[in-house]
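Student: Encoded as structure tokens, here's the structure I'll be asking about.
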Amino acid sequence: MTADSFPRDTTGYGASTRVDALEQHLADPFDDDNPLGFAALLRADERGELCAEGERALDARRLNADFVPTALGGTLSRFDDLVASLRAVYRRDPSLGLGYGMSSFIAAVNVWLAGNERQRRAVADLLLSGGRIAAAYHELAHGNDMAGAECAVRDTGDGLVLRGRKEVVTNIRRAEALVVFARTDERRGSRSHSQVLVERRDLDPSRVHDLPRFTSSGMRGVPLHGLAFDGCPLPPGSILGRTGNGLETALRSFQITRTLLPAVMCGPVETGLRVTLRHLLGRGLYGRAATDLPYLRTALAGAYADLLAVECLSAVTVRAVQVLPAEVSVFASLFKHFGSGLLLDVMHTLSELMGAHFYLRTGPSAIFQKLLRDVRVVGFGHAARGACESNVLPQLPVLARRSWAEPDPRPAPEELFRLDAPLPPLVFDRLRLTASGSDHLGGSLAASVSALSGAAADLGDLFVDEHAALARDCRALPSVELGVGTGPRSSELVTRTGHVLAAAACLGIWRHNQHSGALPGDPVWVQAVLTRLYGRLRGRPAALPDALAQPLFDELTARFAAGRAFDLTARVLPDAATTAASRPPHPTSHHVRPTAHHAAHHESTSQEEN
């Protein structure tokens, strides 16, 4: 592969013009004099604050407009555009991404889904004027058990009042409006809760009490607080949607936000890879450049392949919100479950390659330790991986009996994979609580594999066989293993499904983007991704052979030298001058593998030498 192997600002994928303008506005993050650079962001993190300059910069770019549908005066018409905008922020500071923007979008989605015209207009106007809205779901006593939420709305005869607590909520103290998930019926069941939309100024200040801030090791700058409501009167018309529909609305909104979180978290992981490569290119080990050591080159290539696997499943899941919205219930939860786990593994691998430098809080690589802490939220933030598993598991036997049992499976439409293809309108109410046994992504696997040849085709066939075995195992799954607290066998089925659909996404991206010149016809990159995926599926990610590791390493260093992103767009980043001027990669002619003793010595001394 060459530096031109991957997509270059593909039309219609990632809002290239708007995102490029945002990237340039934020400027070079490696410039210590940049008020929005890593040095400034680290200082804010040490103080436990969001970067004020960063928030002002995002205000100037009107990032909030990306959260508002075009019909209400915003710029949101494509979900992939929103992902690209937020990812540009997350790429340099996840705390800023969550604290400034994503928290408002998480709340606003509920309004776009269930609100009436007045409620939608009020929230749109608030966001477009630079305001914030917070989603108050969480209660420490109940965690992800939303059906157990105790914060309640009661009808006193003179109107509705709100009683209870909401805790560990981003921006709840400084938000101008709140979406509060509250009990409206003492009876158990799916219709026992509603959502309340209220502006803070409309609440009696003597009946609302701010709770102390919750501190955290990651996302230090994000303001996490709580509120206690003491019989607080609510204005008329505060219920969002129909009374009793709160849980259904939340579950549908989670399909959007579960997709969004790991998709944007690819950004800081990409930066972690960039910082690690930057560090190793300037390091010397055993009398040569660190990146001349085959062990390190292979490890970097493997981390890059893993990141590409998440990138491909991210692109497909994000596009499914508009192309196959009725199936997003499964895709979103699987992506959150699979993608978050793999992103955490990549960061762990990179921390090992960084040696002692991974935890330094000063110096040229200091941003890594912050990103490592911040990225951890992807596994539990908003909806934990376990909650995603609980959503997918009951749907697996239905998928196995329907879509997966078809002798001639229906492949997904081309626009699910083709990155420059136009998308249908973004209509939130097309989302469904379950996929009803429909899976066009899995149905595309065999067709994509049939376009391969040689070793790549052999790998693809392994996933086709795994899909068939998965269908058999899911059909045989007893109903007692579909609920909360299920055993490891059922949990393994969710993990296997995530890997199979990730393989289908990677193959679909490769197959449907060759015509535009966006991806190379040589499937070496997808062969590398599938090699890593299949190794994980069998319990241990396989080290890539030289024939696959070298091309990926070459692509990685070529993009680094050109200042291009490591994602599917490969857009030019504002740190291009810094990276291009840094030490160039050393010649790649060294293919001598270290002996077992040599490799062991490297692992035991890397921290000391770093």
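Letters A, B, ... go to the chains of the structure tokens in the order shown; residues in each chain start at 1; ligands are counted from 1 in the same order.
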For the alpha helix (DSSP H) assignment from backbone DSSP, which residues of segment 190-379 of chain A qualify? Please present them as a tab-separated table (two decimals) with N, CA and C atoms, in the first residue's frame.
Tutor:
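Below you can see part_27.tsv, which holds the result:
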chain	number	residue	atom	x	y	z
A	246	GLY	N	-41.40	6.74	28.57
A	246	GLY	CA	-40.02	7.17	28.80
A	246	GLY	C	-38.99	6.12	28.51
A	247	LEU	N	-39.26	4.87	28.92
A	247	LEU	CA	-38.28	3.81	28.70
A	247	LEU	C	-38.13	3.50	27.22
A	248	GLU	N	-39.24	3.46	26.50
A	248	GLU	CA	-39.18	3.19	25.06
A	248	GLU	C	-38.40	4.28	24.34
A	249	THR	N	-38.67	5.53	24.69
A	249	THR	CA	-37.93	6.63	24.07
A	249	THR	C	-36.44	6.54	24.37
A	250	ALA	N	-36.11	6.24	25.64
A	250	ALA	CA	-34.70	6.13	26.01
A	250	ALA	C	-34.02	5.01	25.25
A	251	LEU	N	-34.67	3.86	25.13
A	251	LEU	CA	-34.05	2.73	24.44
A	251	LEU	C	-33.83	3.02	22.96
A	252	ARG	N	-34.74	3.74	22.36
A	252	ARG	CA	-34.54	4.11	20.95
A	252	ARG	C	-33.43	5.15	20.82
A	253	SER	N	-33.38	6.09	21.76
A	253	SER	CA	-32.31	7.10	21.70
A	253	SER	C	-30.95	6.47	21.92
A	254	PHE	N	-30.91	5.40	22.73
A	254	PHE	CA	-29.64	4.73	22.98
A	254	PHE	C	-29.07	4.12	21.70
A	255	GLN	N	-29.91	3.79	20.75
A	255	GLN	CA	-29.39	3.26	19.49
A	255	GLN	C	-28.51	4.29	18.79
A	256	ILE	N	-28.86	5.55	18.95
A	256	ILE	CA	-28.05	6.63	18.38
A	256	ILE	C	-26.79	6.84	19.21
A	257	THR	N	-26.96	6.96	20.51
A	257	THR	CA	-25.82	7.33	21.36
A	257	THR	C	-24.86	6.17	21.58
A	258	ARG	N	-25.37	4.92	21.58
A	258	ARG	CA	-24.45	3.78	21.67
A	258	ARG	C	-23.59	3.67	20.41
A	259	THR	N	-24.12	4.10	19.30
A	259	THR	CA	-23.34	4.14	18.06
A	259	THR	C	-22.34	5.28	18.11
A	260	LEU	N	-22.77	6.41	18.63
A	260	LEU	CA	-21.95	7.62	18.59
A	260	LEU	C	-20.70	7.51	19.47
A	261	LEU	N	-20.84	6.96	20.68
A	261	LEU	CA	-19.71	7.00	21.62
A	261	LEU	C	-18.48	6.25	21.11
A	262	PRO	N	-18.56	4.96	20.75
A	262	PRO	CA	-17.34	4.32	20.24
A	262	PRO	C	-16.88	4.89	18.90
A	263	ALA	N	-17.81	5.42	18.10
A	263	ALA	CA	-17.42	6.01	16.82
A	263	ALA	C	-16.51	7.21	17.03
A	264	VAL	N	-16.87	8.09	17.97
A	264	VAL	CA	-16.02	9.27	18.20
A	264	VAL	C	-14.80	8.91	19.04
A	265	MET	N	-14.89	7.85	19.84
A	265	MET	CA	-13.73	7.44	20.64
A	265	MET	C	-12.63	6.84	19.78
A	266	CYS	N	-12.93	6.53	18.52
A	266	CYS	CA	-11.84	6.16	17.61
A	266	CYS	C	-10.85	7.32	17.49
A	267	GLY	N	-11.31	8.56	17.68
A	267	GLY	CA	-10.45	9.73	17.54
A	267	GLY	C	-9.30	9.75	18.52
A	268	PRO	N	-9.58	9.69	19.86
A	268	PRO	CA	-8.45	9.69	20.80
A	268	PRO	C	-7.57	8.46	20.69
A	269	VAL	N	-8.13	7.31	20.29
A	269	VAL	CA	-7.30	6.13	20.10
A	269	VAL	C	-6.36	6.35	18.91
A	270	GLU	N	-6.88	6.98	17.86
A	270	GLU	CA	-6.03	7.34	16.73
A	270	GLU	C	-4.90	8.26	17.17
A	271	THR	N	-5.23	9.24	18.03
A	271	THR	CA	-4.19	10.14	18.53
A	271	THR	C	-3.18	9.37	19.38
A	272	GLY	N	-3.68	8.41	20.17
A	272	GLY	CA	-2.76	7.58	20.95
A	272	GLY	C	-1.80	6.83	20.06
A	273	LEU	N	-2.29	6.32	18.92
A	273	LEU	CA	-1.42	5.64	17.96
A	273	LEU	C	-0.43	6.63	17.36
A	274	ARG	N	-0.88	7.82	17.06
A	274	ARG	CA	0.01	8.84	16.48
A	274	ARG	C	1.10	9.24	17.47
A	275	VAL	N	0.73	9.43	18.73
A	275	VAL	CA	1.72	9.81	19.75
A	275	VAL	C	2.73	8.68	19.95
A	276	THR	N	2.25	7.44	19.97
A	276	THR	CA	3.14	6.29	20.14
A	276	THR	C	4.11	6.18	18.97
A	277	LEU	N	3.61	6.31	17.75
A	277	LEU	CA	4.48	6.24	16.58
A	277	LEU	C	5.49	7.39	16.59
A	278	ARG	N	5.03	8.57	16.93
A	278	ARG	CA	5.90	9.74	17.01
A	278	ARG	C	7.04	9.49	18.01
A	279	HIS	N	6.66	8.91	19.15
A	279	HIS	CA	7.66	8.61	20.18
A	279	HIS	C	8.67	7.57	19.69
A	280	LEU	N	8.17	6.50	19.09
A	280	LEU	CA	9.06	5.41	18.69
A	280	LEU	C	9.94	5.79	17.50
A	281	LEU	N	9.44	6.67	16.62
A	281	LEU	CA	10.28	7.11	15.51
A	281	LEU	C	11.49	7.90	15.99
A	294	PRO	N	11.60	-5.56	14.42
A	294	PRO	CA	10.42	-6.23	13.87
A	294	PRO	C	9.29	-6.37	14.88
A	295	TYR	N	9.63	-6.64	16.14
A	295	TYR	CA	8.60	-6.79	17.17
A	295	TYR	C	7.73	-5.53	17.26
A	296	LEU	N	8.37	-4.36	17.28
A	296	LEU	CA	7.62	-3.11	17.42
A	296	LEU	C	6.84	-2.79	16.16
A	297	ARG	N	7.43	-3.04	15.00
A	297	ARG	CA	6.72	-2.77	13.75
A	297	ARG	C	5.46	-3.64	13.66
A	298	THR	N	5.62	-4.92	14.02
A	298	THR	CA	4.47	-5.83	13.97
A	298	THR	C	3.40	-5.41	14.96
A	299	ALA	N	3.82	-5.00	16.16
A	299	ALA	CA	2.84	-4.57	17.17
A	299	ALA	C	2.09	-3.33	16.71
A	300	LEU	N	2.78	-2.38	16.11
A	300	LEU	CA	2.12	-1.17	15.60
A	300	LEU	C	1.16	-1.51	14.47
A	301	ALA	N	1.58	-2.39	13.57
A	301	ALA	CA	0.71	-2.79	12.47
A	301	ALA	C	-0.53	-3.50	13.00
A	302	GLY	N	-0.36	-4.34	14.02
A	302	GLY	CA	-1.51	-5.02	14.61
A	302	GLY	C	-2.48	-4.05	15.25
A	303	ALA	N	-1.95	-3.06	15.97
A	303	ALA	CA	-2.82	-2.05	16.58
A	303	ALA	C	-3.57	-1.26	15.51
A	304	TYR	N	-2.89	-0.96	14.41
A	304	TYR	CA	-3.52	-0.23	13.31
A	304	TYR	C	-4.63	-1.08	12.67
A	305	ALA	N	-4.36	-2.38	12.48
A	305	ALA	CA	-5.38	-3.26	11.91
A	305	ALA	C	-6.60	-3.34	12.82
A	306	ASP	N	-6.38	-3.40	14.13
A	306	ASP	CA	-7.50	-3.44	15.07
A	306	ASP	C	-8.31	-2.15	15.01
A	307	LEU	N	-7.61	-1.02	14.92
A	307	LEU	CA	-8.32	0.24	14.81
A	307	LEU	C	-9.14	0.30	13.52
A	308	LEU	N	-8.60	-0.22	12.42
A	308	LEU	CA	-9.34	-0.25	11.16
A	308	LEU	C	-10.59	-1.13	11.26
A	309	ALA	N	-10.51	-2.21	12.03
A	309	ALA	CA	-11.69	-3.06	12.22
A	309	ALA	C	-12.81	-2.26	12.88
A	310	VAL	N	-12.47	-1.48	13.90
A	310	VAL	CA	-13.48	-0.66	14.57
A	310	VAL	C	-13.97	0.44	13.63
A	311	GLU	N	-13.05	1.02	12.85
A	311	GLU	CA	-13.42	2.07	11.90
A	311	GLU	C	-14.46	1.56	10.90
A	312	CYS	N	-14.25	0.36	10.39
A	312	CYS	CA	-15.16	-0.17	9.37
A	312	CYS	C	-16.53	-0.46	9.97
A	313	LEU	N	-16.58	-1.10	11.14
A	313	LEU	CA	-17.87	-1.37	11.77
A	313	LEU	C	-18.54	-0.06	12.18
A	314	SER	N	-17.73	0.92	12.57
A	314	SER	CA	-18.28	2.24	12.89
A	314	SER	C	-18.95	2.87	11.68
A	315	ALA	N	-18.26	2.89	10.54
A	315	ALA	CA	-18.82	3.51	9.34
A	315	ALA	C	-20.13	2.85	8.94
A	316	VAL	N	-20.17	1.52	9.01
A	316	VAL	CA	-21.38	0.79	8.61
A	316	VAL	C	-22.52	1.03	9.59
A	317	THR	N	-22.23	0.99	10.89
A	317	THR	CA	-23.29	1.19	11.90
A	317	THR	C	-23.83	2.61	11.83
A	318	VAL	N	-22.95	3.57	11.65
A	318	VAL	CA	-23.38	4.97	11.53
A	318	VAL	C	-24.28	5.14	10.31
A	319	ARG	N	-23.91	4.56	9.19
A	319	ARG	CA	-24.73	4.68	7.98
A	319	ARG	C	-26.04	3.91	8.12
A	320	ALA	N	-26.03	2.84	8.90
A	320	ALA	CA	-27.26	2.06	9.08
A	320	ALA	C	-28.36	2.87	9.75
A	321	VAL	N	-28.01	3.88	10.53
A	321	VAL	CA	-29.02	4.73	11.16
A	321	VAL	C	-29.95	5.33	10.11
A	322	GLN	N	-29.43	5.58	8.91
A	322	GLN	CA	-30.26	6.13	7.84
A	322	GLN	C	-30.61	5.11	6.76
A	323	VAL	N	-29.76	4.10	6.58
A	323	VAL	CA	-30.00	3.12	5.52
A	323	VAL	C	-30.88	1.97	6.00
A	328	VAL	N	-30.97	-1.18	13.53
A	328	VAL	CA	-29.93	-0.54	14.34
A	328	VAL	C	-29.96	-1.02	15.78
A	329	SER	N	-31.09	-1.51	16.25
A	329	SER	CA	-31.16	-2.03	17.61
A	329	SER	C	-30.06	-3.04	17.88
A	330	VAL	N	-29.83	-3.95	16.92
A	330	VAL	CA	-28.77	-4.95	17.06
A	330	VAL	C	-27.41	-4.35	16.74
A	331	PHE	N	-27.30	-3.63	15.63
A	331	PHE	CA	-26.01	-3.10	15.20
A	331	PHE	C	-25.39	-2.19	16.27
A	332	ALA	N	-26.18	-1.28	16.83
A	332	ALA	CA	-25.65	-0.30	17.78
A	332	ALA	C	-25.11	-0.98	19.03
A	333	SER	N	-25.87	-1.92	19.58
A	333	SER	CA	-25.42	-2.59	20.80
A	333	SER	C	-24.19	-3.46	20.53
A	334	LEU	N	-24.17	-4.13	19.39
A	334	LEU	CA	-23.00	-4.94	19.05
A	334	LEU	C	-21.77	-4.07	18.81
A	335	PHE	N	-21.97	-2.94	18.16
A	335	PHE	CA	-20.85	-2.04	17.91
A	335	PHE	C	-20.30	-1.50	19.23
A	336	LYS	N	-21.19	-1.10	20.15
A	336	LYS	CA	-20.72	-0.61	21.45
A	336	LYS	C	-19.98	-1.72	22.19
A	337	HIS	N	-20.53	-2.95	22.16
A	337	HIS	CA	-19.93	-4.07	22.86
A	337	HIS	C	-18.58	-4.45	22.24
A	338	PHE	N	-18.55	-4.63	20.92
A	338	PHE	CA	-17.33	-5.02	20.23
A	338	PHE	C	-16.33	-3.88	20.15
A	339	GLY	N	-16.80	-2.72	19.68
A	339	GLY	CA	-15.90	-1.59	19.43
A	339	GLY	C	-15.23	-1.07	20.68
A	340	SER	N	-15.98	-0.96	21.77
A	340	SER	CA	-15.38	-0.42	22.99
A	340	SER	C	-14.31	-1.37	23.53
A	341	GLY	N	-14.59	-2.68	23.49
A	341	GLY	CA	-13.60	-3.63	23.96
A	341	GLY	C	-12.32	-3.58	23.15
A	342	LEU	N	-12.44	-3.48	21.83
A	342	LEU	CA	-11.26	-3.48	20.98
A	342	LEU	C	-10.48	-2.17	21.11
A	343	LEU	N	-11.18	-1.05	21.24
A	343	LEU	CA	-10.49	0.22	21.43
A	343	LEU	C	-9.68	0.23	22.72
A	344	LEU	N	-10.25	-0.34	23.78
A	344	LEU	CA	-9.52	-0.42	25.04
A	344	LEU	C	-8.28	-1.31	24.90
A	345	ASP	N	-8.43	-2.40	24.15
A	345	ASP	CA	-7.28	-3.28	23.92
A	345	ASP	C	-6.17	-2.57	23.15
A	346	VAL	N	-6.57	-1.78	22.14
A	346	VAL	CA	-5.57	-1.05	21.36
A	346	VAL	C	-4.80	-0.08	22.24
A	347	MET	N	-5.52	0.66	23.08
A	347	MET	CA	-4.84	1.62	23.96
A	347	MET	C	-3.92	0.91	24.94
A	348	HIS	N	-4.35	-0.25	25.42
A	348	HIS	CA	-3.48	-1.01	26.33
A	348	HIS	C	-2.20	-1.44	25.61
A	349	THR	N	-2.33	-1.93	24.38
A	349	THR	CA	-1.16	-2.31	23.60
A	349	THR	C	-0.23	-1.12	23.40
A	350	LEU	N	-0.79	0.01	23.05
A	350	LEU	CA	0.03	1.21	22.83
A	350	LEU	C	0.74	1.64	24.11
A	351	SER	N	0.08	1.50	25.24
A	351	SER	CA	0.73	1.87	26.50
A	351	SER	C	1.95	0.98	26.76
A	352	GLU	N	1.85	-0.29	26.38
A	352	GLU	CA	3.01	-1.18	26.52
A	352	GLU	C	4.14	-0.76	25.60
A	353	LEU	N	3.80	-0.33	24.39
A	353	LEU	CA	4.84	0.12	23.45
A	353	LEU	C	5.47	1.43	23.91
A	354	MET	N	4.71	2.26	24.62
A	354	MET	CA	5.24	3.51	25.12
A	354	MET	C	6.19	3.30	26.29
A	367	ILE	N	0.27	13.82	26.64
A	367	ILE	CA	-1.16	13.70	26.33
A	367	ILE	C	-1.60	12.24	26.35
A	368	PHE	N	-0.68	11.30	26.19
A	368	PHE	CA	-1.07	9.89	26.12
A	368	PHE	C	-1.74	9.43	27.41
A	369	GLN	N	-1.17	9.78	28.56
A	369	GLN	CA	-1.77	9.31	29.81
A	369	GLN	C	-3.17	9.88	30.02
A	370	LYS	N	-3.41	11.08	29.55
A	370	LYS	CA	-4.77	11.64	29.65
A	370	LYS	C	-5.73	10.89	28.74
A	371	LEU	N	-5.31	10.64	27.51
A	371	LEU	CA	-6.17	9.90	26.58
A	371	LEU	C	-6.44	8.49	27.08
A	372	LEU	N	-5.43	7.85	27.65
A	372	LEU	CA	-5.60	6.50	28.18
A	372	LEU	C	-6.66	6.49	29.27
A	373	ARG	N	-6.66	7.49	30.14
A	373	ARG	CA	-7.68	7.58	31.19
A	373	ARG	C	-9.04	7.91	30.61
A	374	ASP	N	-9.07	8.83	29.67
A	374	ASP	CA	-10.35	9.29	29.11
A	374	ASP	C	-11.05	8.21	28.30
A	375	VAL	N	-10.25	7.43	27.55
A	375	VAL	CA	-10.84	6.43	26.65
A	375	VAL	C	-11.57	5.34	27.44
Student: Based on the backbone DSSP call, show me all residues of segment 34-260 of chain A assigned strand (DSSP E), as a PyMOL selection string.
Tutor: chain A and resi 133-136+152-155+160-170+177-183+193-199+208-211+224-233+239-240
Student: Figure out the distance between atom CA of Tyr359 of chain A and atom CA of Asp33 of chain A, please, to one decimal in Å.
Tutor: 22.8 Å
Student: Which residues come within 8 Å of Val572 of chain A, counting only C-alpha atoms, excluding same-chain residues fewer than 3 positions away, as an MDAnalysis selection string?
Tutor: chainID A and resid 562:565 576
Student: How would the residues just picked look written out with C-alpha atoms as a PDB file, in the first residue's frame?
Tutor:
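Generated file (out.pdb):
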ATOM      1  CA  ALA A 562       2.089  13.462   5.444  1.00  0.00           C
ATOM      2  CA  GLY A 563       0.072  14.550   8.496  1.00  0.00           C
ATOM      3  CA  ARG A 564      -2.955  12.540   7.421  1.00  0.00           C
ATOM      4  CA  ALA A 565      -5.581  10.905   9.612  1.00  0.00           C
ATOM      5  CA  ALA A 576       0.778  18.090   9.230  1.00  0.00           C
TER       6      ALA A 576
END
Student: Please report as a tab-separated table every residue of segment 72-179 of chain A lying within 8 Å of segment 238-241 of chain A, along with the nearest atom pair and their distance in Å (one decimal), using only C-alpha atoms.
Tutor:
residue	atom	partner	partner_atom	distance
A:Val111	CA	A:Leu240	CA	7.1
A:Ala114	CA	A:Gly241	CA	4.8
A:Gly115	CA	A:Gly241	CA	5.3
A:Asn116	CA	A:Gly241	CA	6.9
A:Gln119	CA	A:Leu240	CA	7.9
Student: Take the selection from the previous step and output its residues with C-alpha atoms, as a CSV table (one decimal), in the first residue's frame.
Tutor:
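And here is the file that came out, part_24.csv:
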chain,number,residue,atom,x,y,z
A,111,VAL,CA,-36.7,15.4,22.2
A,114,ALA,CA,-40.7,12.1,21.3
A,115,GLY,CA,-41.2,15.8,21.6
A,116,ASN,CA,-44.0,17.8,20.2
A,119,GLN,CA,-40.7,21.1,22.7
Student: Can you tell me how far atom CA of Asp230 of chain A sits from atom CA of Val196 of chain A, in Å to one decimal?
Tutor: 15.6 Å
Student: Tell me, as an MDAnalysis selection string, which residues lie within 9 Å of Ser77 of chain A, counting only C-alpha atoms; anything in the same chain fewer than 4 positions away does not count.
Tutor: chainID A and resid 66 68:71 81:82 425:426
Student: Any chance you can output those residues with N, CA and C atoms as a CSV table (one decimal), in the first residue's frame?
Tutor:
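Saved file part-v7.csv follows:
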chain,number,residue,atom,x,y,z
A,66,ASP,N,-24.7,21.4,14.8
A,66,ASP,CA,-24.6,20.0,14.3
A,66,ASP,C,-25.6,19.0,15.0
A,68,VAL,N,-28.7,19.8,15.8
A,68,VAL,CA,-30.1,20.2,15.5
A,68,VAL,C,-30.4,19.9,14.1
A,69,PRO,N,-31.6,19.1,13.9
A,69,PRO,CA,-32.0,18.8,12.5
A,69,PRO,C,-32.2,20.0,11.6
A,70,THR,N,-31.9,19.9,10.4
A,70,THR,CA,-32.0,21.0,9.4
A,70,THR,C,-33.4,21.6,9.4
A,71,ALA,N,-34.4,20.8,9.6
A,71,ALA,CA,-35.8,21.3,9.7
A,71,ALA,C,-36.1,22.2,10.8
A,81,ASP,N,-21.9,12.9,9.3
A,81,ASP,CA,-21.4,14.3,9.5
A,81,ASP,C,-21.2,14.7,10.9
A,82,LEU,N,-22.2,14.4,11.7
A,82,LEU,CA,-22.1,14.7,13.2
A,82,LEU,C,-21.0,13.9,13.8
A,425,PRO,N,-33.1,10.3,4.1
A,425,PRO,CA,-33.2,11.3,5.2
A,425,PRO,C,-33.0,10.7,6.6
A,426,LEU,N,-32.6,11.5,7.5
A,426,LEU,CA,-32.4,11.1,8.9
A,426,LEU,C,-33.7,11.3,9.6
Student: Wanna dump the segment 286-352 of chain A-segment 431-443 of chain A contacts at 6 Å for me, each residue with its shortest atom pair and the distance in Å to one decimal, counting only C-alpha atoms, ordered by chain and number, as a Markdown table?
Tutor:
| residue | atom | partner | partner_atom | distance |
| --- | --- | --- | --- | --- |
| A:Pro325 | CA | A:Leu431 | CA | 5.0 |
| A:Ala326 | CA | A:Arg432 | CA | 5.2 |
| A:Glu327 | CA | A:Ala435 | CA | 4.5 |
| A:Ser329 | CA | A:Thr434 | CA | 5.5 |
Student: Just want the 8 Å neighbourhood of segment 211-222 of chain A, counted on only C-alpha atoms, with same-chain residues fewer than 4 positions away dropped. Output as number ranges by chain.
Tutor: A: 44-51, 94-96, 98-99, 167-168, 170-171, 226-228, 370, 373-377
Student: Let me see the file: selected residues, N, CA and C atoms, as a compact mmCIF listing (two decimals), in the first residue's frame.
Tutor:
# COMPACT_ATOMS: atom_id res chain seq x y z
N ALA A 44 -5.50 22.29 31.72
CA ALA A 44 -6.90 22.29 32.16
C ALA A 44 -7.25 20.98 32.85
N ASP A 45 -6.74 19.87 32.33
CA ASP A 45 -7.01 18.56 32.93
C ASP A 45 -6.43 18.48 34.34
N GLU A 46 -5.23 19.01 34.54
CA GLU A 46 -4.63 19.01 35.87
C GLU A 46 -5.46 19.83 36.86
N ARG A 47 -6.12 20.88 36.37
CA ARG A 47 -6.99 21.68 37.24
C ARG A 47 -8.37 21.06 37.41
N GLY A 48 -8.66 20.00 36.64
CA GLY A 48 -9.99 19.40 36.69
C GLY A 48 -11.04 20.27 36.04
N GLU A 49 -10.66 20.97 34.97
CA GLU A 49 -11.57 21.88 34.29
C GLU A 49 -11.61 21.57 32.80
N LEU A 50 -12.70 21.97 32.15
CA LEU A 50 -12.72 21.98 30.70
C LEU A 50 -11.91 23.16 30.20
N CYS A 51 -11.28 22.99 29.07
CA CYS A 51 -10.49 24.07 28.49
C CYS A 51 -11.42 25.19 28.02
N PRO A 94 -11.21 14.19 24.65
CA PRO A 94 -12.52 13.60 24.90
C PRO A 94 -13.33 14.36 25.94
N SER A 95 -12.65 14.95 26.93
CA SER A 95 -13.38 15.72 27.95
C SER A 95 -14.11 16.90 27.32
N LEU A 96 -13.44 17.59 26.42
CA LEU A 96 -14.07 18.71 25.74
C LEU A 96 -15.21 18.22 24.86
N LEU A 98 -17.17 15.58 25.26
CA LEU A 98 -18.33 15.22 26.08
C LEU A 98 -18.89 16.42 26.80
N GLY A 99 -18.01 17.19 27.44
CA GLY A 99 -18.46 18.30 28.28
C GLY A 99 -19.08 19.44 27.50
N GLU A 167 -27.84 11.76 39.76
CA GLU A 167 -26.44 11.90 40.15
C GLU A 167 -25.50 11.50 39.01
N VAL A 168 -24.28 12.05 39.08
CA VAL A 168 -23.23 11.79 38.10
C VAL A 168 -23.74 12.09 36.68
N THR A 170 -23.46 14.71 33.45
CA THR A 170 -22.65 15.73 32.80
C THR A 170 -23.45 17.02 32.60
N ASN A 171 -22.88 18.13 33.05
CA ASN A 171 -23.42 19.48 32.82
C ASN A 171 -24.76 19.75 33.51
N GLY A 226 -24.95 16.47 40.47
CA GLY A 226 -26.28 15.92 40.62
C GLY A 226 -27.24 16.98 41.10
N LEU A 227 -28.52 16.66 41.05
CA LEU A 227 -29.56 17.55 41.56
C LEU A 227 -30.50 16.75 42.44
N ALA A 228 -30.99 17.39 43.50
CA ALA A 228 -32.04 16.82 44.34
C ALA A 228 -33.29 17.68 44.18
N LYS A 370 -3.41 11.08 29.55
CA LYS A 370 -4.77 11.64 29.65
C LYS A 370 -5.73 10.89 28.74
N ARG A 373 -6.66 7.49 30.14
CA ARG A 373 -7.68 7.58 31.19
C ARG A 373 -9.04 7.91 30.61
N ASP A 374 -9.07 8.83 29.67
CA ASP A 374 -10.35 9.29 29.11
C ASP A 374 -11.05 8.21 28.30
N VAL A 375 -10.25 7.43 27.55
CA VAL A 375 -10.84 6.43 26.65
C VAL A 375 -11.57 5.34 27.44
N ARG A 376 -11.18 5.12 28.67
CA ARG A 376 -11.79 4.04 29.45
C ARG A 376 -13.30 4.20 29.62
N VAL A 377 -13.78 5.41 29.49
CA VAL A 377 -15.22 5.63 29.63
C VAL A 377 -16.01 4.93 28.53
